[in-house]
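> Pasting run_27.txt here (compact mmCIF, C-alpha atoms):
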# COMPACT_ATOMS: atom_id res chain seq x y z
CA MET V 1 14.66 -4.73 -31.50
CA GLU V 2 13.91 -1.46 -29.72
CA ASP V 3 16.80 0.13 -27.87
CA LEU V 4 15.40 1.15 -24.49
CA HIS V 5 18.45 3.31 -23.79
CA LEU V 6 17.17 5.83 -26.31
CA LEU V 7 13.92 6.39 -24.44
CA GLU V 8 13.20 9.36 -22.19
CA ASP V 9 12.86 8.84 -18.44
CA GLU V 10 9.08 9.41 -18.55
CA GLU V 11 8.64 6.61 -21.05
CA LEU V 12 10.93 4.29 -19.07
CA VAL V 13 8.97 5.03 -15.91
CA SER V 14 5.59 4.37 -17.53
CA ARG V 15 6.89 1.13 -19.03
CA THR V 16 8.16 0.08 -15.62
CA GLN V 17 4.76 0.93 -14.17
CA ALA V 18 3.25 -1.33 -16.83
CA GLY V 19 5.48 -4.19 -15.62
CA ASP V 20 8.48 -3.95 -17.98
CA THR V 21 11.44 -4.62 -15.69
CA HIS V 22 13.92 -4.09 -18.58
CA ALA V 23 12.88 -0.43 -18.63
CA PHE V 24 13.79 -0.22 -14.96
CA ASP V 25 17.19 -1.80 -15.74
CA VAL V 26 17.84 1.09 -18.12
CA LEU V 27 17.00 3.58 -15.35
CA TRP V 28 19.47 1.69 -13.17
CA HIS V 29 22.25 1.97 -15.75
CA LYS V 30 21.51 5.65 -16.17
CA TYR V 31 21.38 6.69 -12.52
CA SER V 32 23.11 4.10 -10.35
CA PRO V 33 26.60 5.68 -10.69
CA ARG V 34 25.25 9.07 -9.55
CA ILE V 35 23.23 7.58 -6.70
CA TYR V 36 26.21 5.47 -5.68
CA SER V 37 28.43 8.57 -5.63
CA LEU V 38 25.86 10.45 -3.54
CA VAL V 39 25.52 7.66 -0.98
CA TYR V 40 29.21 6.83 -0.93
CA ASN V 41 30.27 10.43 -0.29
CA MET V 42 27.74 10.72 2.51
CA THR V 43 28.87 7.50 4.22
CA SER V 44 32.57 7.15 3.29
CA ASN V 45 32.02 3.41 3.29
CA HIS V 46 31.80 1.23 0.17
CA GLU V 47 29.82 -1.60 1.78
CA ASP V 48 27.22 0.76 3.23
CA ALA V 49 27.01 2.58 -0.08
CA ASN V 50 26.49 -0.71 -1.91
CA ASP V 51 23.71 -1.79 0.43
CA LEU V 52 22.01 1.60 0.38
CA LEU V 53 22.23 1.85 -3.41
CA LEU V 54 20.40 -1.46 -3.79
CA GLU V 55 17.85 -0.51 -1.15
CA VAL V 56 17.19 2.83 -2.86
CA PHE V 57 16.51 1.20 -6.23
CA ALA V 58 14.49 -1.64 -4.71
CA LYS V 59 12.38 0.92 -2.86
CA ALA V 60 11.98 3.02 -6.01
CA PHE V 61 10.84 -0.07 -7.91
CA ARG V 62 8.26 -0.94 -5.26
CA ALA V 63 7.01 2.64 -5.10
CA ILE V 64 7.10 3.43 -8.82
CA ASN V 65 3.35 3.05 -9.25
CA GLY V 66 2.95 5.96 -6.84
CA PHE V 67 5.27 8.16 -8.92
CA LYS V 68 3.00 10.72 -10.62
CA GLY V 69 5.68 12.59 -12.54
CA LYS V 70 5.34 15.87 -10.61
CA SER V 71 9.15 15.96 -10.50
CA SER V 72 11.69 14.25 -12.73
CA PHE V 73 12.66 10.66 -12.00
CA TYR V 74 16.16 11.99 -11.40
CA THR V 75 14.96 14.31 -8.60
CA TRP V 76 12.63 11.67 -7.19
CA ILE V 77 15.29 8.96 -6.86
CA HIS V 78 17.82 11.45 -5.48
CA ALA V 79 15.29 12.41 -2.81
CA ILE V 80 14.77 8.74 -1.88
CA ALA V 81 18.55 8.23 -1.72
CA VAL V 82 19.21 11.33 0.40
CA ASN V 83 16.43 10.54 2.88
CA MET V 84 17.44 6.88 3.24
CA THR V 85 21.10 7.80 3.68
CA ILE V 86 20.40 10.53 6.24
CA ASN V 87 18.29 8.05 8.25
CA PHE V 88 20.99 5.41 7.93
CA VAL V 89 23.81 7.72 9.03
CA LYS V 90 21.80 9.00 12.00
CA LYS V 91 21.07 5.46 13.12
CA ARG V 92 24.68 4.42 12.63
CA GLY V 93 25.85 7.32 14.79
CA ARG V 94 29.56 7.56 15.35
CA ARG V 95 30.15 3.85 14.91
CA TYR V 96 31.60 3.64 11.43
CA GLN V 97 34.76 2.75 9.65
CA MET V 98 35.97 4.27 6.44
CA SER V 99 36.10 1.85 3.56
CA LEU V 100 37.17 3.91 0.61
CA ASP V 101 37.08 3.17 -3.08
CA ASP V 102 40.31 3.67 -5.00
CA PHE V 103 40.90 6.81 -6.99
CA ASP V 104 40.34 6.29 -10.66
CA SER V 105 43.68 6.39 -12.48
CA ASN V 106 42.25 9.12 -14.73
CA ILE V 107 42.73 11.54 -11.85
CA HIS V 108 46.33 12.09 -13.01
CA ASN V 109 45.01 13.47 -16.28
CA ASP V 110 42.43 15.67 -14.62
CA LYS V 111 42.95 19.35 -15.27
CA GLU V 112 42.00 20.39 -11.75
CA PHE V 113 44.22 17.77 -10.16
CA ILE V 114 47.17 18.96 -12.25
CA GLU V 115 46.42 22.55 -11.28
CA LEU V 116 46.09 21.69 -7.59
CA THR V 117 49.34 19.82 -7.44
CA ALA V 118 51.33 22.28 -9.54
CA SER V 119 54.23 23.91 -7.75
CA ASN V 120 52.80 27.43 -7.93
CA THR V 121 49.60 26.58 -6.02
CA PRO V 122 49.15 27.14 -2.28
CA ILE V 123 48.39 23.42 -1.79
CA ARG V 124 51.31 21.32 -0.64
CA GLU V 125 52.31 18.12 -2.34
CA VAL V 126 50.54 15.11 -0.88
CA ASP V 127 50.22 11.51 -1.91
CA LEU V 128 46.81 10.46 -3.16
CA SER V 129 45.96 8.11 -0.31
CA GLU V 130 46.66 10.86 2.25
CA LEU V 131 44.61 13.33 0.27
CA GLN V 132 41.73 10.87 0.05
CA GLN V 133 41.90 10.05 3.75
CA ARG V 134 41.95 13.71 4.81
CA LEU V 135 39.17 14.72 2.44
CA ASN V 136 36.91 11.99 3.73
CA GLU V 137 37.73 12.77 7.35
CA ALA V 138 36.88 16.41 6.75
CA MET V 139 33.59 15.45 5.09
CA MET V 140 32.67 13.18 7.97
CA LYS V 141 33.10 16.05 10.42
CA LEU V 142 30.18 17.84 8.76
CA SER V 143 26.62 17.05 9.79
CA VAL V 144 24.93 14.63 7.41
CA GLU V 145 22.63 17.37 6.08
CA HIS V 146 25.62 19.59 5.22
CA ARG V 147 27.44 16.62 3.72
CA ALA V 148 24.47 15.95 1.45
CA VAL V 149 24.54 19.51 0.14
CA VAL V 150 28.32 19.49 -0.39
CA THR V 151 28.14 16.14 -2.17
CA MET V 152 25.41 17.25 -4.55
CA PHE V 153 26.88 20.68 -5.25
CA ASP V 154 30.65 20.31 -5.13
CA ILE V 155 31.13 16.68 -6.12
CA GLN V 156 28.16 16.02 -8.38
CA GLY V 157 27.82 19.52 -9.77
CA MET V 158 24.05 19.82 -9.23
CA PRO V 159 22.61 23.37 -9.34
CA HIS V 160 21.18 24.94 -6.19
CA ALA V 161 17.61 24.78 -7.48
CA GLU V 162 17.82 21.03 -8.12
CA ILE V 163 19.30 20.39 -4.68
CA ALA V 164 16.49 22.43 -3.13
CA LYS V 165 13.92 20.23 -4.92
CA VAL V 166 15.63 17.03 -3.79
CA LEU V 167 15.79 18.18 -0.18
CA GLY V 168 12.41 19.89 -0.21
CA VAL V 169 13.88 23.09 1.24
CA PRO V 170 14.13 26.66 -0.12
CA GLU V 171 17.10 27.48 -2.32
CA ALA V 172 18.31 29.99 0.28
CA THR V 173 18.64 27.14 2.78
CA VAL V 174 20.83 25.24 0.32
CA ARG V 175 23.05 28.28 -0.14
CA SER V 176 23.42 28.92 3.58
CA ARG V 177 24.21 25.26 4.26
CA LEU V 178 26.85 25.35 1.55
CA PHE V 179 28.38 28.52 2.92
CA TYR V 180 28.57 27.09 6.43
CA ALA V 181 29.96 23.75 5.20
CA HIS V 182 32.64 25.42 3.11
CA ARG V 183 33.75 27.50 6.09
CA GLN V 184 34.09 24.38 8.19
CA LEU V 185 35.95 22.52 5.46
CA GLN V 186 38.36 25.44 5.06
CA ASN V 187 39.37 24.89 8.68
CA TYR V 188 39.54 21.11 8.46
CA LEU V 189 41.61 21.16 5.27
CA GLU V 190 44.03 23.83 6.47
CA GLU V 191 46.81 21.26 6.73
CA PHE V 192 46.94 21.07 2.93
CA ARG V 193 48.26 24.61 2.74
CA LYS V 194 51.91 25.05 2.06
CA GLN V 195 53.69 26.27 5.15
CA MET Z 196 45.87 32.34 5.80
CA MET Z 197 43.32 29.59 5.16
CA LEU Z 198 42.59 27.87 1.87
CA ASP Z 199 40.03 29.93 0.01
CA GLU Z 200 36.59 28.60 -0.88
CA GLN Z 201 37.54 27.92 -4.47
CA GLN Z 202 40.54 25.81 -3.43
CA VAL Z 203 38.34 23.83 -1.06
CA GLN Z 204 35.86 23.24 -3.87
CA GLN Z 205 38.69 22.10 -6.14
CA LEU Z 206 39.83 19.62 -3.52
CA LEU Z 207 36.30 18.33 -3.05
CA ARG Z 208 35.85 17.82 -6.76
CA LEU Z 209 38.69 15.29 -6.67
CA LYS Z 210 36.35 13.00 -4.82
CA ARG Z 211 34.61 12.36 -8.15
CA PHE Z 212 37.53 10.07 -8.92
CA GLU Z 213 36.81 7.74 -6.02
CA GLN Z 214 35.16 4.94 -7.96
CA PRO Z 215 33.95 1.43 -7.19
CA PRO Z 216 35.85 -1.41 -8.92
CA PRO Z 217 35.19 -2.02 -12.65
CA GLY Z 218 32.12 -4.17 -13.33
CA TYR Z 219 30.62 -3.23 -9.99
CA PHE Z 220 27.35 -1.82 -11.36
CA ASP Z 221 26.63 -4.90 -13.52
CA GLN Z 222 27.15 -7.22 -10.56
CA ALA Z 223 25.05 -4.97 -8.36
CA LEU Z 224 22.22 -5.13 -10.93
CA ASP Z 225 22.04 -8.92 -10.45
CA GLU Z 226 21.77 -8.37 -6.73
CA LEU Z 227 19.06 -5.75 -7.34
CA HIS Z 228 17.05 -8.26 -9.43
CA TYR Z 229 17.28 -10.73 -6.60
CA ARG Z 230 16.03 -8.12 -4.11
CA MET Z 231 13.23 -7.00 -6.41
CA HIS Z 232 12.13 -10.61 -6.92
CA ALA Z 233 12.44 -11.41 -3.25
CA GLY Z 234 10.64 -8.20 -2.31
CA SER Z 235 7.18 -9.67 -1.83
CA GLU Z 236 8.49 -12.86 -0.24
CA LYS Z 237 10.80 -10.84 1.94
CA HIS Z 238 7.81 -8.81 3.13
CA SER Z 239 6.02 -11.87 4.50
CA THR Z 240 9.25 -13.36 5.82
CA ARG Z 241 9.96 -10.06 7.53
CA ASN Z 242 6.55 -10.23 9.26
CA GLN Z 243 7.27 -13.75 10.46
CA TYR Z 244 10.72 -12.71 11.50
CA SER Z 245 9.39 -9.74 13.43
CA ARG Z 246 6.94 -12.02 15.30
CA PHE Z 247 9.73 -14.44 16.04
CA SER Z 248 12.05 -11.65 17.17
CA ARG Z 249 9.32 -10.26 19.44
CA LEU Z 250 8.93 -13.71 21.02
CA GLN Z 251 12.69 -13.98 21.35
CA GLU Z 252 12.81 -10.56 22.96
CA PHE Z 253 10.05 -11.54 25.38
CA LEU Z 254 11.90 -14.74 26.34
CA SER Z 255 15.16 -12.93 26.77
CA ASN Z 256 13.43 -10.34 28.96
CA LEU Z 257 11.94 -13.18 30.96
CA ASN Z 258 15.35 -14.76 31.29
CA SER Z 259 16.92 -11.56 32.43
CA PHE Z 260 14.08 -10.79 34.87
CA ARG Z 261 15.43 -9.98 38.31
CA VAL Z 262 13.34 -10.12 41.48
CA PRO Z 263 13.53 -6.70 43.07
CA GLN Z 264 15.36 -6.55 46.39
CA ALA Z 265 12.23 -5.17 48.07
CA ALA Z 266 10.35 -8.38 47.21
CA TYR Z 267 12.77 -10.43 49.32
CA ALA Z 268 12.35 -8.03 52.23
CA GLY Z 269 8.56 -8.14 51.85
CA ALA Z 270 8.46 -11.93 51.78
CA PHE Z 271 10.68 -12.09 54.86
CA ALA Z 272 8.45 -9.59 56.70
CA ILE Z 273 5.34 -11.64 55.89
CA PHE Z 274 7.12 -14.76 57.14
CA LEU Z 275 8.07 -13.00 60.38
CA VAL Z 276 4.49 -11.82 61.00
CA PHE Z 277 3.10 -15.32 60.50
CA ALA Z 278 5.83 -16.88 62.58
CA THR Z 279 5.15 -14.42 65.42
CA LEU Z 280 1.40 -14.93 65.28
CA MET Z 281 1.75 -18.69 65.28
CA GLY Z 282 4.53 -18.71 67.85
CA THR Z 283 2.59 -16.62 70.36
CA GLY Z 284 -0.56 -18.62 69.78
CA VAL Z 285 -2.61 -15.63 68.69
CA TRP Z 286 -3.51 -17.47 65.52
CA SER Z 287 -3.24 -21.06 64.45
CA PRO Z 288 -4.04 -22.56 61.10
CA ARG Z 289 -5.78 -25.47 62.88
CA PRO Z 290 -7.90 -25.44 66.00
CA LYS Z 291 -6.04 -26.71 69.01
CA PHE Z 292 -6.73 -30.21 70.13
CA ASP Z 293 -8.64 -30.12 73.38
CA VAL Z 294 -7.77 -33.27 75.31
CA TYR Z 295 -10.67 -32.91 77.71
CA HIS Z 296 -13.36 -32.64 75.07
CA ALA Z 297 -11.73 -35.26 72.93
CA SER Z 298 -11.72 -37.72 75.83
CA ALA Z 299 -15.33 -36.97 76.56
CA ALA Z 300 -16.29 -37.47 72.99
CA THR Z 301 -14.31 -40.67 72.83
CA ALA Z 302 -16.15 -41.94 75.86
CA GLN Z 303 -19.46 -41.10 74.23
CA ASN Z 304 -18.48 -42.96 71.14
CA GLU Z 305 -17.02 -45.84 73.02
CA ASN Z 306 -19.73 -48.26 72.12
CA ALA Z 307 -19.92 -47.09 68.57
CA GLY Z 308 -16.16 -47.56 68.20
CA ILE Z 309 -16.21 -51.25 69.03
CA LEU Z 310 -18.14 -53.30 66.60
CA SER Z 311 -18.15 -57.05 66.71
CA GLY Z 312 -14.97 -57.09 68.74
CA LYS Z 313 -13.07 -54.86 66.27
CA ILE Z 314 -12.22 -51.27 66.68
CA SER Z 315 -13.78 -48.98 64.07
CA LEU Z 316 -11.59 -45.95 64.17
CA THR Z 317 -13.65 -43.98 61.72
CA ALA Z 318 -16.39 -43.84 64.24
CA LEU Z 319 -14.20 -42.16 66.81
CA ARG Z 320 -14.58 -38.42 66.58
CA SER Z 321 -14.09 -35.57 68.91
CA ASN Z 322 -15.97 -32.28 68.51
CA GLN Z 323 -12.97 -30.45 67.25
CA GLN Z 324 -10.47 -32.98 66.08
CA GLU Z 325 -10.72 -35.98 63.90
CA ILE Z 326 -8.62 -39.01 64.58
CA PHE Z 327 -7.04 -40.17 61.34
CA PRO Z 328 -5.72 -43.69 60.97
CA THR Z 329 -2.79 -43.86 58.60
CA ILE Z 330 -3.22 -47.56 58.10
CA LYS Z 331 -6.58 -49.11 57.76
CA PRO Z 332 -7.17 -51.46 60.68
CA SER Z 333 -6.92 -55.07 59.87
CA ASP Z 334 -6.37 -58.27 61.75
CA SER Z 335 -2.72 -58.55 60.85
CA VAL Z 336 -1.45 -54.95 61.03
CA THR Z 337 -1.32 -52.92 64.18
CA PRO Z 338 -2.90 -49.53 63.47
CA ARG Z 339 -0.97 -46.37 64.00
CA TYR Z 340 -2.83 -43.51 65.64
CA ILE Z 341 -2.24 -39.89 64.91
CA LEU Z 342 -3.77 -37.15 67.01
CA GLY Z 343 -3.43 -33.54 65.95
CA GLY Z 344 -0.80 -34.44 63.40
CA GLN Z 345 1.39 -36.22 66.01
CA PRO Z 346 1.87 -39.99 66.05
CA VAL Z 347 0.62 -41.24 69.36
CA SER Z 348 1.02 -44.93 69.43
CA TYR Z 349 1.30 -48.07 67.37
CA ASN Z 350 -0.88 -49.88 69.88
CA THR Z 351 -4.54 -49.71 70.41
CA PRO Z 352 -5.24 -47.23 73.19
CA SER Z 353 -6.23 -49.09 76.30
CA SER Z 354 -9.04 -46.66 77.00
CA PHE Z 355 -10.99 -47.85 73.98
The structure in this file should be written as structure tokens.

Amino acid sequence: MEDLHLLEDEELVSRTQAGDTHAFDVLWHKYSPRIYSLVYNMTSNHEDANDLLLEVFAKAFRAINGFKGKSSFYTWIHAIAVNMTINFVKKRGRRYQMSLDDFDSNIHNDKEFIELTASNTPIREVDLSELQQRLNEAMMKLSVEHRAVVTMFDIQGMPHAEIAKVLGVPEATVRSRLFYAHRQLQNYLEEFRKQ
Amino acid sequence: MMLDEQQVQQLLRLKRFEQPPPGYFDQALDELHYRMHAGSEKHSTRNQYSRFSRLQEFLSNLNSFRVPQAAYAGAFAIFLVFATLMGTGVWSPRPKFDVYHASAATAQNENAGILSGKISLTALRSNQQEIFPTIKPSDSVTPRYILGGQPVSYNTPSSF
């Protein structure tokens, strides 16, 4: 039996367009963790992220016949997710509660985490839950457009050009948004400095 | 001195480790299948729902409708104008009963009003005012006479 996981995105998309829902399941397995991460880091709420993730994929499935392949499926579904999340966050306004996922236990083995918490760094020792709380609070102080850029660049590691395609803005706009967001975050995260 | 940009980026990268519980994506896929399947049905249900919600909204607006204060004042002013006009006699919804003309007319109809020894009240008319019996005349019941909306007597007027 053919293993759909070995197929390229273009083939999976055309099979989905032909009515093969298993091909769409493969696209889900491939991209749902990234889309979840994007939506979760823009909302800081697991339940909202869950609902938006499902809505994004349901919308993509309904609209897949209109997908002409001018961009990659990856860019296309990221664009749907960013737009839906921005609309959602703007509608939600300031009425929200944080509902955070737990840190993966692998964080303790992460090179950057070890570096950050080492005694010779300028970052003071904090417990993980405090760190998580403060990071999310700082993110939520940014506008949703800046948060989207920070999420895609700093957390997901997407290049500037890809972010520009997703947002439909020039690359220079992405860079300036990142610069501004980082400056703001430097102020908000000041408390993590060792005194 | 603030944290530098690189340190901020390092902190932000730790957010990669915030993960949903294990097995989450498989469970969510089942929910996605349900939504994809229900998509077309949901569309029509949503239309029905939106009609229903519009009706509900209309009813709730109706329920919360408040008569403006000015309407009460307006209604009271109209009442006062009518009351004044009617009270001063400038205008009356009914023509006034003219006793003189009514008596004259009654006298003219005197013969017509008595038929075979019985009084036919329907034949008694003045020029301006009709005389309405509330009870049809019969041999056993004494008729009640009303002139100009006022009960006059339970007895047959002697002038007939």
> Per residue of chain V within 9 Å of chain Z, record the nearest atom pair and its distance in Å to one decimal, counting all atoms listed in the file, with rows in chain order and ascending residue number, as CSV.

residue,atom,partner,partner_atom,distance
V:Asp25,CA,Z:Leu224,CA,7.7
V:Trp28,CA,Z:Leu224,CA,7.7
V:His29,CA,Z:Phe220,CA,7.7
V:Ser32,CA,Z:Phe220,CA,7.4
V:Pro33,CA,Z:Phe220,CA,7.6
V:Tyr36,CA,Z:Pro215,CA,8.9
V:Ser37,CA,Z:Arg211,CA,7.7
V:Asn41,CA,Z:Lys210,CA,8.0
V:His46,CA,Z:Pro215,CA,7.7
V:Asn50,CA,Z:Ala223,CA,7.9
V:Leu53,CA,Z:Ala223,CA,8.9
V:Leu54,CA,Z:Leu227,CA,5.7
V:Glu55,CA,Z:Leu227,CA,8.2
V:Phe57,CA,Z:Leu227,CA,7.5
V:Ala58,CA,Z:Met231,CA,5.8
V:Lys59,CA,Z:Met231,CA,8.7
V:Phe61,CA,Z:Met231,CA,7.5
V:Arg62,CA,Z:Met231,CA,7.9
V:Leu100,CA,Z:Glu213,CA,7.7
V:Asp101,CA,Z:Glu213,CA,5.4
V:Asp102,CA,Z:Glu213,CA,5.5
V:Phe103,CA,Z:Glu213,CA,4.3
V:Asp104,CA,Z:Phe212,CA,5.0
V:Ser105,CA,Z:Phe212,CA,8.0
V:Asn106,CA,Z:Phe212,CA,7.5
V:Ile107,CA,Z:Phe212,CA,6.1
V:Asp110,CA,Z:Leu209,CA,8.8
V:Glu112,CA,Z:Gln205,CA,6.7
V:Phe113,CA,Z:Leu209,CA,7.0
V:Leu116,CA,Z:Gln205,CA,7.6
V:Pro122,CA,Z:Leu198,CA,7.8
V:Ile123,CA,Z:Leu198,CA,8.2
V:Leu131,CA,Z:Leu206,CA,8.8
V:Gln132,CA,Z:Lys210,CA,7.6
V:Leu135,CA,Z:Leu207,CA,7.2
V:Asn136,CA,Z:Lys210,CA,8.6
V:Val150,CA,Z:Leu207,CA,8.5
V:Thr151,CA,Z:Leu207,CA,8.5
V:Asp154,CA,Z:Arg208,CA,6.0
V:Ile155,CA,Z:Arg208,CA,4.9
V:Gln156,CA,Z:Arg211,CA,7.4
V:Gly157,CA,Z:Arg208,CA,8.7
V:His182,CA,Z:Glu200,CA,6.5
V:Arg183,CA,Z:Glu200,CA,7.6
V:Leu185,CA,Z:Val203,CA,7.1
V:Gln186,CA,Z:Leu198,CA,5.8
V:Asn187,CA,Z:Met197,CA,7.1
V:Leu189,CA,Z:Leu198,CA,7.6
V:Glu190,CA,Z:Met197,CA,5.9
V:Phe192,CA,Z:Leu198,CA,8.1
V:Arg193,CA,Z:Leu198,CA,6.6
> Record the distance separating atom CA of Ala23 of chain V and atom CA of Glu2 of chain V, expressed in Å with one decimal.
11.2 Å
> So how far away is atom CA of Val82 of chain V from atom CA of Ala172 of chain V, in Å?
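Atom-to-atom, atom CA of Ala172 of chain V and atom CA of Val82 of chain V are spaced 18.7 Å apart.
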> Could you check which of V:Lys70, V:Arg15, V:Lys111, V:Arg94 is closest to Met140 of chain V, using only C-alpha atoms?
V:Arg94
> At what distance in Å, to one decimal, does atom CA of Ile77 of chain V lie from atom CA of Arg147 of chain V?
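According to the coordinates, atom CA of Arg147 of chain V and atom CA of Ile77 of chain V are separated by 17.8 Å.
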> Using all atoms listed in the file, determine which residues lie at most 12 Å from Thr16 of chain V, disregarding the query and same-chain residues fewer than 6 positions distant; provide the list as a list in words.
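These residues fall inside the cut-off: Leu4, Asp9, Glu10, His22, Ala23, Phe24, Asp25, Val26, Leu27, Trp28, Ala60, Phe61, Arg62, Ala63, Ile64, Asn65, Gly66 and Phe67 of chain V.
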> Of the candidates V:Ala181, V:Leu128, V:Leu38, V:Ala18, which shows the shortest atom-to-atom distance to Met84 of chain V, using only C-alpha atoms?
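For Met84 of chain V, the nearest of the given residues is V:Leu38.
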